[in-house]
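K.L.:
To start, I am sharing the structure in question, which I have written as structure tokens.
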Amino acid sequence: MPITQTSASTRQARNRRRALFASVFGTAIEWYDYALYGAAASVVIGPLFFSGAGEQAASIAAFATFAVGFVARPLGGVLIGHLGDRVGRRPAMLLSVILMGIATVGIGLLPTASTWGVWSVGLLVLLRLIQGFGAGAELTGAMTLVAEYVEPRKRGLYTSLVLSTPPLGIALATVCFFLVSLAGDDALLGWAWRIPFLISALLFIVAIYIRNKLEETPDYAAAMASARASGQQAKLPIVQVFSGHWRRVVLGFLAITGHNAVNYILAVFALSLMVSSGMERSQALLAVTLGSLVSVVLTPAGGWLADRFGAPKVLAAGNIAGLLLAFPIFSMISTGEFAYGFLGIAAGYALVIPCTSGAQGAFLTELFPVSVRFSGIAIARELNGAIVAGLSPLIAAALLQAGDGSIALPAGYLALCCLSSALAIFIGTRANSRTLY
């Protein structure tokens, strides 16, 4: 008996490490892809695919194609989330990474408008939709997988390790674009921009191999066994979410609004703003790269704080910091100076994102029961992704243009997003404290 218990414990520990590695690696790739396209939208997509529209219109059109990817994310979250709740976490996460790989490599091979005209734009939008569909369940699946392998009192720390990798993916993407930008504008716009997209093919092969080795989580296996024994497995997870847990979906949606607005404005729109303010393109990419790396190191601290003080408090604190820093951040990144631009990016990634990322995993995974956890989190996150994350760079660009270059409107938008999250967390968790936490 002791030998059997030791063997089971060893196997569980091995599976937990494998799940953590698979989740971290896959999440890094997801955000590498999205930040890669975000960087491309900021510096090359406009000239390559919308050059006839004029510089300002081309920039807005490029950000619009970035937003298109988020339109498909809720649908991908619902369908792949359903697969994750009904069939298993493993097949859902395999499908997610395969779709993202096909789309990302496809973008790297796509002819530009000078070759295929409007057809290239149509295929670009299609590939972004496929990429968004696959990514719609990626981070949700990673958080769910890790949360179901660790004890509840450590969910904040372990899920924060997964959530610390988006800035790493952003950093990798911007490093790639920084390196290829050193070849010069002619080479960058000619062939070099394709290299970061094509490199991802190797990463996806590794990710598929790792995820194919995963086993189902103990929590999921126990929940499915219980559902089969009680005959409660007939209702679709999506139906269960909206019939019995819609308030939690609303709370989850609002709770991460500030996080998504800050993250995507720093990772995507800030590049465009710094370049248009007079900063060299390579310097702007370097500022985002170095600034985002700060969050990779500090996000686990946010997860530790969530375990110690409670995820809602830490998540709210991060949004309050975003509210207070919105105008200072925009002021610094709009100077055109590298030092100020880096400080503005680093401020967001050091004082806001560690709290909102570090506490997000524990907050969302504890919001929904195991039987609908994948679907519930995916719906809340990806609806927010489509409305807030995907549109924030576009909204910020439009507000900057509407204000004749003044940062007041886009900074006010960022502050409003953070305020709405802080209020939702405060009101929602107080109203539901007996059933949620």
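Residue numbering restarts at 1 for every chain of the structure tokens, chains are lettered A, B, ... in their displayed order, and ligands are numbered from 1 as they appear.
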Set out as a Markdown table a contact list for segment 54-155 of chain A and segment 23-44 of chain A with a cut-off of 10 Å, giving each residue of segment 54-155 of chain A that qualifies its closest atom pair and distance in Å to one decimal, counting only C-alpha atoms, ordered by chain and rising residue number.

P.N.:
| residue | atom | partner | partner_atom | distance |
| --- | --- | --- | --- | --- |
| A:Ala58 | CA | A:Ala41 | CA | 9.7 |
| A:Ser59 | CA | A:Ser42 | CA | 7.1 |
| A:Ile60 | CA | A:Ala41 | CA | 9.2 |
| A:Ala61 | CA | A:Ala41 | CA | 8.8 |
| A:Ala62 | CA | A:Ala41 | CA | 5.1 |
| A:Phe63 | CA | A:Ala41 | CA | 5.9 |
| A:Ala64 | CA | A:Ala41 | CA | 8.9 |
| A:Thr65 | CA | A:Ala41 | CA | 7.9 |
| A:Phe66 | CA | A:Gly38 | CA | 6.5 |
| A:Ala67 | CA | A:Gly38 | CA | 9.5 |
| A:Gly69 | CA | A:Tyr34 | CA | 8.8 |
| A:Met93 | CA | A:Gly26 | CA | 8.8 |
| A:Leu94 | CA | A:Gly26 | CA | 9.8 |
| A:Ser96 | CA | A:Gly26 | CA | 9.5 |
| A:Val97 | CA | A:Gly26 | CA | 7.2 |
| A:Met100 | CA | A:Glu30 | CA | 7.4 |
| A:Gly101 | CA | A:Asp33 | CA | 8.8 |
| A:Ala103 | CA | A:Asp33 | CA | 9.4 |
| A:Thr104 | CA | A:Asp33 | CA | 6.6 |
| A:Val105 | CA | A:Asp33 | CA | 9.7 |
| A:Ile107 | CA | A:Tyr37 | CA | 9.0 |
| A:Arg128 | CA | A:Tyr37 | CA | 9.1 |
| A:Gln131 | CA | A:Asp33 | CA | 8.6 |
| A:Gly132 | CA | A:Tyr34 | CA | 8.8 |
| A:Gly134 | CA | A:Glu30 | CA | 9.1 |
| A:Ala135 | CA | A:Glu30 | CA | 6.5 |
| A:Gly136 | CA | A:Glu30 | CA | 9.9 |
| A:Glu138 | CA | A:Thr27 | CA | 6.7 |
| A:Leu139 | CA | A:Thr27 | CA | 5.9 |
| A:Thr140 | CA | A:Thr27 | CA | 9.5 |
| A:Gly141 | CA | A:Ser23 | CA | 7.9 |
| A:Ala142 | CA | A:Ser23 | CA | 4.6 |
| A:Met143 | CA | A:Ser23 | CA | 7.5 |
| A:Thr144 | CA | A:Ser23 | CA | 9.4 |
| A:Leu145 | CA | A:Ser23 | CA | 7.5 |
| A:Val146 | CA | A:Ser23 | CA | 7.4 |

K.L.:
Deliver the residues from the most recent selection as a file, using C-alpha atoms, as a PDB file, in the first residue's frame.

P.N.:
ATOM      1  CA  ALA A  58      -3.880  52.727 -43.298  1.00  0.00           C
ATOM      2  CA  SER A  59      -2.916  52.742 -39.624  1.00  0.00           C
ATOM      3  CA  ILE A  60      -6.561  52.520 -38.540  1.00  0.00           C
ATOM      4  CA  ALA A  61      -7.227  49.765 -41.117  1.00  0.00           C
ATOM      5  CA  ALA A  62      -4.241  47.794 -39.798  1.00  0.00           C
ATOM      6  CA  PHE A  63      -5.561  48.031 -36.229  1.00  0.00           C
ATOM      7  CA  ALA A  64      -8.980  46.994 -37.543  1.00  0.00           C
ATOM      8  CA  THR A  65      -7.489  43.732 -38.863  1.00  0.00           C
ATOM      9  CA  PHE A  66      -5.915  43.262 -35.440  1.00  0.00           C
ATOM     10  CA  ALA A  67      -9.370  43.662 -33.895  1.00  0.00           C
ATOM     11  CA  GLY A  69      -8.999  38.321 -34.626  1.00  0.00           C
ATOM     12  CA  MET A  93      -5.973  22.401 -25.903  1.00  0.00           C
ATOM     13  CA  LEU A  94      -4.619  20.402 -28.855  1.00  0.00           C
ATOM     14  CA  SER A  96      -6.518  25.371 -29.973  1.00  0.00           C
ATOM     15  CA  VAL A  97      -2.772  25.259 -30.657  1.00  0.00           C
ATOM     16  CA  MET A 100      -3.248  29.053 -34.135  1.00  0.00           C
ATOM     17  CA  GLY A 101      -0.252  27.426 -35.817  1.00  0.00           C
ATOM     18  CA  ALA A 103      -3.084  30.773 -39.123  1.00  0.00           C
ATOM     19  CA  THR A 104       0.200  32.283 -37.946  1.00  0.00           C
ATOM     20  CA  VAL A 105       2.358  30.465 -40.490  1.00  0.00           C
ATOM     21  CA  ILE A 107       0.111  35.019 -42.461  1.00  0.00           C
ATOM     22  CA  ARG A 128      -6.899  36.412 -38.395  1.00  0.00           C
ATOM     23  CA  GLN A 131      -6.097  32.563 -35.357  1.00  0.00           C
ATOM     24  CA  GLY A 132      -8.634  34.215 -33.075  1.00  0.00           C
ATOM     25  CA  GLY A 134      -7.967  28.958 -31.877  1.00  0.00           C
ATOM     26  CA  ALA A 135      -6.717  31.478 -29.352  1.00  0.00           C
ATOM     27  CA  GLY A 136     -10.228  31.846 -27.934  1.00  0.00           C
ATOM     28  CA  GLU A 138      -5.908  28.880 -25.169  1.00  0.00           C
ATOM     29  CA  LEU A 139      -5.287  30.893 -22.013  1.00  0.00           C
ATOM     30  CA  THR A 140      -8.583  29.712 -20.501  1.00  0.00           C
ATOM     31  CA  GLY A 141      -7.533  26.104 -21.004  1.00  0.00           C
ATOM     32  CA  ALA A 142      -4.085  26.752 -19.591  1.00  0.00           C
ATOM     33  CA  MET A 143      -5.458  28.418 -16.445  1.00  0.00           C
ATOM     34  CA  THR A 144      -8.062  25.700 -15.981  1.00  0.00           C
ATOM     35  CA  LEU A 145      -5.577  22.876 -16.439  1.00  0.00           C
ATOM     36  CA  VAL A 146      -3.130  24.249 -13.890  1.00  0.00           C
TER      37      VAL A 146
END

K.L.:
Within 12 Å of Val118 of chain A, counting only C-alpha atoms, which residues show up once you throw out same-chain ones fewer than 5 positions away? Write them as a ChimeraX atom specification, please.

P.N.:
/A:48-52,111-113,123-125

K.L.:
What does the file look like for those residues with C-alpha atoms, as a PDB file, in the first residue's frame?

P.N.:
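The file below, result_18.pdb, is the result:
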ATOM      1  CA  LEU A  48       1.894  46.370 -47.143  1.00  0.00           C
ATOM      2  CA  PHE A  49      -1.864  45.832 -47.314  1.00  0.00           C
ATOM      3  CA  PHE A  50      -3.492  49.305 -47.173  1.00  0.00           C
ATOM      4  CA  SER A  51      -0.942  51.632 -48.780  1.00  0.00           C
ATOM      5  CA  GLY A  52      -3.530  53.245 -51.052  1.00  0.00           C
ATOM      6  CA  PRO A 111       1.246  37.668 -50.633  1.00  0.00           C
ATOM      7  CA  THR A 112       0.778  41.409 -50.044  1.00  0.00           C
ATOM      8  CA  ALA A 113      -1.684  43.799 -51.718  1.00  0.00           C
ATOM      9  CA  LEU A 123      -7.125  36.168 -46.835  1.00  0.00           C
ATOM     10  CA  LEU A 124      -5.456  38.229 -44.124  1.00  0.00           C
ATOM     11  CA  VAL A 125      -8.827  38.747 -42.447  1.00  0.00           C
TER      12      VAL A 125
END

K.L.:
Determine, counting only C-alpha atoms, which protein, DNA and RNA residues have an atom within 7 Å of an atom of segment 317-333 of chain A; residues of the same chain fewer than 3 positions away are not included. Present the result as a list in words.

P.N.:
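In the requested form, the answer reads Gly258, Ala270, Met274, Lys313, Val314, Gly336, Tyr340, Gly341, Gly344, Leu351, Val352, Ile353, Cys355, Thr356, Ile407, Ala411, Leu414, Ala415, Cys418, Leu419, Ser421 and Ala422 of chain A.
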
K.L.:
Keeping only N, CA and C atoms, take the residues you just selected and write them out as a CSV table (one decimal), in the first residue's frame.

P.N.:
chain,number,residue,atom,x,y,z
A,258,GLY,N,-10.2,46.3,-17.3
A,258,GLY,CA,-9.0,47.2,-17.1
A,258,GLY,C,-7.7,46.5,-17.5
A,270,ALA,N,0.8,51.5,-28.1
A,270,ALA,CA,2.0,52.3,-27.7
A,270,ALA,C,3.1,52.4,-28.7
A,274,MET,N,4.4,55.9,-30.1
A,274,MET,CA,5.8,56.3,-29.9
A,274,MET,C,6.5,56.6,-31.2
A,313,LYS,N,-9.1,41.3,-4.0
A,313,LYS,CA,-8.5,42.5,-3.5
A,313,LYS,C,-7.3,42.9,-4.3
A,314,VAL,N,-6.5,41.9,-4.7
A,314,VAL,CA,-5.3,42.1,-5.5
A,314,VAL,C,-5.7,42.6,-6.9
A,336,GLY,N,8.2,60.9,-27.4
A,336,GLY,CA,9.1,60.6,-28.5
A,336,GLY,C,10.5,60.3,-28.0
A,340,TYR,N,11.7,58.0,-21.6
A,340,TYR,CA,10.4,58.2,-21.1
A,340,TYR,C,9.4,57.2,-21.6
A,341,GLY,N,9.6,56.8,-22.9
A,341,GLY,CA,8.7,55.7,-23.4
A,341,GLY,C,8.9,54.4,-22.7
A,344,GLY,N,7.3,54.7,-19.2
A,344,GLY,CA,5.8,54.6,-19.3
A,344,GLY,C,5.3,53.1,-19.5
A,351,LEU,N,3.4,47.9,-12.3
A,351,LEU,CA,2.5,48.3,-11.2
A,351,LEU,C,1.0,47.9,-11.4
A,352,VAL,N,0.7,47.6,-12.7
A,352,VAL,CA,-0.7,47.3,-13.0
A,352,VAL,C,-0.8,45.8,-13.4
A,353,ILE,N,-0.1,45.4,-14.4
A,353,ILE,CA,-0.3,44.0,-14.9
A,353,ILE,C,0.1,42.9,-13.9
A,355,CYS,N,-0.5,42.7,-10.8
A,355,CYS,CA,-1.7,42.4,-10.0
A,355,CYS,C,-2.9,41.9,-10.8
A,356,THR,N,-3.1,42.5,-11.9
A,356,THR,CA,-4.3,42.0,-12.7
A,356,THR,C,-4.1,40.7,-13.4
A,407,ILE,N,-3.5,63.4,-26.1
A,407,ILE,CA,-3.6,62.1,-25.4
A,407,ILE,C,-4.8,62.1,-24.4
A,411,ALA,N,-6.2,58.4,-23.0
A,411,ALA,CA,-5.9,58.2,-21.6
A,411,ALA,C,-7.1,58.1,-20.7
A,414,LEU,N,-8.6,54.7,-21.1
A,414,LEU,CA,-7.9,53.7,-20.3
A,414,LEU,C,-8.3,53.8,-18.8
A,415,ALA,N,-8.4,55.0,-18.3
A,415,ALA,CA,-8.8,55.2,-16.9
A,415,ALA,C,-10.2,54.7,-16.7
A,418,CYS,N,-10.3,50.9,-16.3
A,418,CYS,CA,-9.8,50.4,-15.0
A,418,CYS,C,-10.7,50.7,-13.9
A,419,LEU,N,-11.4,51.8,-14.0
A,419,LEU,CA,-12.4,52.2,-13.0
A,419,LEU,C,-13.5,51.2,-13.0
A,421,SER,N,-13.6,48.1,-13.9
A,421,SER,CA,-13.2,46.8,-13.3
A,421,SER,C,-13.1,46.9,-11.8
A,422,ALA,N,-12.5,47.9,-11.3
A,422,ALA,CA,-12.4,48.1,-9.8
A,422,ALA,C,-13.8,48.1,-9.1

K.L.:
So which residues touch segment 395-405 of chain A within 8 Å, counting only C-alpha atoms, skipping near sequence neighbours fewer than 5 positions away, as a PyMOL selection string?

P.N.:
chain A and resi 60+265+269+410+413

K.L.:
Next, dump the selected residues to file, keeping only C-alpha atoms, as a PDB file, in the first residue's frame.

P.N.:
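What ended up in part-v4.pdb:
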ATOM      1  CA  ILE A  60      -6.561  52.520 -38.540  1.00  0.00           C
ATOM      2  CA  ILE A 265      -2.670  49.546 -25.346  1.00  0.00           C
ATOM      3  CA  PHE A 269      -1.051  51.011 -29.585  1.00  0.00           C
ATOM      4  CA  PRO A 410      -7.268  57.817 -25.130  1.00  0.00           C
ATOM      5  CA  TYR A 413     -10.624  55.761 -22.057  1.00  0.00           C
TER       6      TYR A 413
END

K.L.:
For atom CA of Leu163 of chain A and atom CA of Ile195 of chain A, quote the distance in Å rounded to one decimal.

P.N.:
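It comes out at 26.3 Å.
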
K.L.:
A:Val388, A:Leu161, A:Leu416, A:Ala316: which is nearest Val296 of chain A, counting only C-alpha atoms?

P.N.:
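Answer, going by the shortest atom-to-atom distance: A:Leu161.
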
K.L.:
For atom CA of Leu364 of chain A and atom CA of Phe253 of chain A, determine how far apart the two atoms are, in Å to one decimal place.

P.N.:
9.7 Å

K.L.:
Residues within 6 Å of segment 246-252 of chain A, please, as a list in words. Count only C-alpha atoms; anything in the same chain fewer than 3 positions from it doesn't count.

P.N.:
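Listing them by chain and then by number gives Phe242, Ala255 and Ala380 of chain A.
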
K.L.:
Pull C-alpha atoms from the residues just selected and write them as a short mmCIF file (atom, residue, chain, number, x, y, z; two decimals), in the first residue's frame.

P.N.:
data_model
loop_
_atom_site.label_atom_id
_atom_site.label_comp_id
_atom_site.auth_asym_id
_atom_site.auth_seq_id
_atom_site.Cartn_x
_atom_site.Cartn_y
_atom_site.Cartn_z
CA PHE A 242 -26.15 31.12 -19.03
CA ALA A 255 -13.29 42.27 -13.73
CA ALA A 380 -16.27 35.85 -19.92
#

K.L.:
Each residue of segment 335-412 of chain A with at least one atom at most 10 Å from segment 279-286 of chain A should appear once, together with its nearest atom pair and the corresponding distance in Å (one decimal); atoms considered: only C-alpha atoms; ordering: chain, then increasing residue number; output as CSV.

P.N.:
residue,atom,partner,partner_atom,distance
A:Thr335,CA,A:Met279,CA,8.4
A:Gly336,CA,A:Met279,CA,4.7
A:Glu337,CA,A:Met279,CA,6.3
A:Phe338,CA,A:Gln283,CA,6.5
A:Ala339,CA,A:Gln283,CA,9.7
A:Gly341,CA,A:Ala284,CA,7.6
A:Phe342,CA,A:Ala284,CA,8.2

K.L.:
Grab the residues selected above and save them as a PDB file, in the first residue's frame with C-alpha atoms.

P.N.:
ATOM      1  CA  THR A 335       7.185  62.325 -25.741  1.00  0.00           C
ATOM      2  CA  GLY A 336       9.105  60.581 -28.526  1.00  0.00           C
ATOM      3  CA  GLU A 337      11.996  60.009 -26.097  1.00  0.00           C
ATOM      4  CA  PHE A 338      13.181  56.439 -25.553  1.00  0.00           C
ATOM      5  CA  ALA A 339      13.825  56.814 -21.805  1.00  0.00           C
ATOM      6  CA  GLY A 341       8.717  55.719 -23.418  1.00  0.00           C
ATOM      7  CA  PHE A 342      10.395  52.833 -21.639  1.00  0.00           C
TER       8      PHE A 342
END

K.L.:
Using DSSP secondary structure from the backbone, list all helix (DSSP H, G or I) positions within segment 201-391 of chain A, as a ChimeraX atom specification.

P.N.:
/A:201-211,218-230,237-244,246-255,257-276,281-309,311-333,338-351,353-365,370-389

K.L.:
Grab the residues selected above and save them as a short mmCIF file (atom, residue, chain, number, x, y, z; two decimals), in the first residue's frame with C-alpha atoms.

P.N.:
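After the write, out_39.cif holds the following:
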data_model
loop_
_atom_site.label_atom_id
_atom_site.label_comp_id
_atom_site.auth_asym_id
_atom_site.auth_seq_id
_atom_site.Cartn_x
_atom_site.Cartn_y
_atom_site.Cartn_z
CA ALA A 201 6.09 26.79 -37.05
CA LEU A 202 8.84 25.18 -34.97
CA LEU A 203 7.26 26.36 -31.73
CA PHE A 204 3.88 24.87 -32.65
CA ILE A 205 5.39 21.47 -33.45
CA VAL A 206 6.92 21.37 -29.97
CA ALA A 207 3.66 22.53 -28.35
CA ILE A 208 1.59 19.86 -30.12
CA TYR A 209 4.03 17.15 -29.04
CA ILE A 210 3.92 18.26 -25.40
CA ARG A 211 0.14 18.57 -25.24
CA PRO A 218 -8.10 14.89 -11.27
CA ASP A 219 -10.79 17.54 -10.68
CA TYR A 220 -12.23 17.08 -14.18
CA ALA A 221 -12.16 13.28 -14.01
CA ALA A 222 -13.95 13.33 -10.64
CA ALA A 223 -16.56 15.84 -11.85
CA MET A 224 -17.33 13.81 -14.97
CA ALA A 225 -17.60 10.57 -12.97
CA SER A 226 -20.02 12.28 -10.58
CA ALA A 227 -22.08 13.69 -13.47
CA ARG A 228 -22.37 10.29 -15.13
CA ALA A 229 -23.38 8.64 -11.86
CA SER A 230 -26.12 11.21 -11.24
CA PRO A 237 -22.19 23.49 -20.74
CA ILE A 238 -23.08 26.72 -22.58
CA VAL A 239 -26.71 26.31 -21.51
CA GLN A 240 -25.67 25.64 -17.93
CA VAL A 241 -23.44 28.71 -17.89
CA PHE A 242 -26.15 31.12 -19.03
CA SER A 243 -29.00 29.51 -17.12
CA GLY A 244 -27.28 29.17 -13.77
CA TRP A 246 -24.76 34.36 -15.95
CA ARG A 247 -24.03 36.75 -13.07
CA ARG A 248 -20.59 35.20 -12.75
CA VAL A 249 -20.03 35.67 -16.49
CA VAL A 250 -20.87 39.38 -16.15
CA LEU A 251 -18.58 39.74 -13.13
CA GLY A 252 -15.75 37.91 -14.88
CA PHE A 253 -16.18 40.09 -17.98
CA LEU A 254 -16.09 43.37 -16.07
CA ALA A 255 -13.29 42.27 -13.73
CA THR A 257 -11.75 44.98 -18.61
CA GLY A 258 -9.03 47.18 -17.13
CA HIS A 259 -6.41 44.47 -17.54
CA ASN A 260 -7.14 43.96 -21.24
CA ALA A 261 -7.25 47.67 -21.99
CA VAL A 262 -3.91 48.30 -20.29
CA ASN A 263 -2.25 45.23 -21.77
CA TYR A 264 -3.22 45.82 -25.38
CA ILE A 265 -2.67 49.55 -25.35
CA LEU A 266 0.85 48.98 -23.97
CA ALA A 267 1.65 46.08 -26.31
CA VAL A 268 0.08 47.38 -29.54
CA PHE A 269 -1.05 51.01 -29.58
CA ALA A 270 1.98 52.32 -27.68
CA LEU A 271 4.25 51.24 -30.55
CA SER A 272 2.31 53.32 -33.05
CA LEU A 273 2.11 56.31 -30.70
CA MET A 274 5.82 56.29 -29.90
CA VAL A 275 6.79 56.05 -33.58
CA SER A 276 4.37 58.82 -34.62
CA ARG A 281 10.81 52.20 -34.85
CA SER A 282 13.59 49.97 -33.46
CA GLN A 283 13.69 52.03 -30.24
CA ALA A 284 9.92 51.76 -29.79
CA LEU A 285 10.09 47.98 -30.20
CA LEU A 286 12.94 47.83 -27.69
CA ALA A 287 10.99 49.95 -25.17
CA VAL A 288 8.01 47.57 -25.32
CA THR A 289 10.28 44.53 -25.13
CA LEU A 290 12.19 45.69 -22.04
CA GLY A 291 9.09 47.09 -20.35
CA SER A 292 7.07 43.91 -20.83
CA LEU A 293 9.85 41.75 -19.37
CA VAL A 294 9.31 43.53 -16.05
CA SER A 295 5.87 41.90 -15.83
CA VAL A 296 7.26 38.41 -16.50
CA VAL A 297 9.28 38.68 -13.30
CA LEU A 298 6.65 40.43 -11.14
CA THR A 299 3.42 38.63 -12.07
CA PRO A 300 4.14 35.58 -9.82
CA ALA A 301 4.40 38.06 -6.94
CA GLY A 302 0.84 39.13 -7.77
CA GLY A 303 -0.24 35.49 -7.64
CA TRP A 304 1.43 35.04 -4.26
CA LEU A 305 -0.36 38.13 -2.98
CA ALA A 306 -3.66 36.73 -4.29
CA ASP A 307 -3.14 33.54 -2.25
CA ARG A 308 -2.28 35.59 0.82
CA PHE A 309 -4.84 38.41 0.69
CA ALA A 311 -7.71 37.38 -5.51
CA PRO A 312 -10.48 40.05 -5.59
CA LYS A 313 -8.47 42.50 -3.46
CA VAL A 314 -5.30 42.15 -5.52
CA LEU A 315 -7.19 42.33 -8.83
CA ALA A 316 -8.99 45.49 -7.69
CA ALA A 317 -5.72 47.04 -6.48
CA GLY A 318 -4.16 46.53 -9.91
CA ASN A 319 -7.07 48.30 -11.59
CA ILE A 320 -6.89 51.21 -9.17
CA ALA A 321 -3.20 51.53 -10.06
CA GLY A 322 -4.16 51.56 -13.75
CA LEU A 323 -6.71 54.30 -13.09
CA LEU A 324 -4.09 56.47 -11.37
CA LEU A 325 -1.37 55.81 -13.95
CA ALA A 326 -3.39 56.17 -17.18
CA PHE A 327 -2.52 59.82 -17.85
CA PRO A 328 1.14 59.61 -16.69
CA ILE A 329 1.70 56.55 -18.92
CA PHE A 330 0.28 58.30 -22.00
CA SER A 331 2.26 61.42 -21.20
CA MET A 332 5.51 59.46 -21.15
CA ILE A 333 4.97 57.34 -24.25
CA PHE A 338 13.18 56.44 -25.55
CA ALA A 339 13.83 56.81 -21.80
CA TYR A 340 10.36 58.23 -21.09
CA GLY A 341 8.72 55.72 -23.42
CA PHE A 342 10.40 52.83 -21.64
CA LEU A 343 9.43 54.22 -18.22
CA GLY A 344 5.80 54.58 -19.32
CA ILE A 345 5.64 50.99 -20.60
CA ALA A 346 7.51 49.67 -17.54
CA ALA A 347 5.16 51.52 -15.17
CA GLY A 348 2.16 49.69 -16.58
CA TYR A 349 3.91 46.34 -16.64
CA ALA A 350 5.36 46.74 -13.14
CA LEU A 351 2.50 48.29 -11.19
CA ILE A 353 -0.27 44.01 -14.94
CA PRO A 354 1.39 41.96 -12.14
CA CYS A 355 -1.71 42.43 -9.98
CA THR A 356 -4.30 42.03 -12.72
CA SER A 357 -2.52 39.03 -14.27
CA GLY A 358 -1.31 37.49 -11.03
CA ALA A 359 -4.76 37.44 -9.42
CA GLN A 360 -6.80 36.79 -12.55
CA GLY A 361 -6.26 33.02 -12.67
CA ALA A 362 -7.41 32.38 -9.11
CA PHE A 363 -10.28 34.86 -9.46
CA LEU A 364 -11.72 33.33 -12.64
CA THR A 365 -11.15 29.64 -11.88
CA VAL A 370 -15.57 22.39 -12.51
CA SER A 371 -18.36 21.11 -14.80
CA VAL A 372 -18.66 24.45 -16.64
CA ARG A 373 -15.35 26.06 -15.71
CA PHE A 374 -13.75 25.94 -19.16
CA SER A 375 -16.88 27.29 -20.87
CA GLY A 376 -17.63 29.92 -18.22
CA ILE A 377 -14.14 31.41 -18.16
CA ALA A 378 -13.85 31.26 -21.96
CA ILE A 379 -17.13 33.13 -22.45
CA ALA A 380 -16.27 35.85 -19.92
CA ARG A 381 -12.69 36.30 -21.13
CA GLU A 382 -13.28 36.12 -24.86
CA LEU A 383 -16.34 38.34 -24.97
CA ASN A 384 -14.19 40.87 -23.16
CA GLY A 385 -11.37 40.12 -25.56
CA ALA A 386 -13.57 40.85 -28.58
CA ILE A 387 -15.03 44.05 -27.14
CA VAL A 388 -12.21 45.47 -25.04
CA ALA A 389 -8.86 43.86 -25.88
#
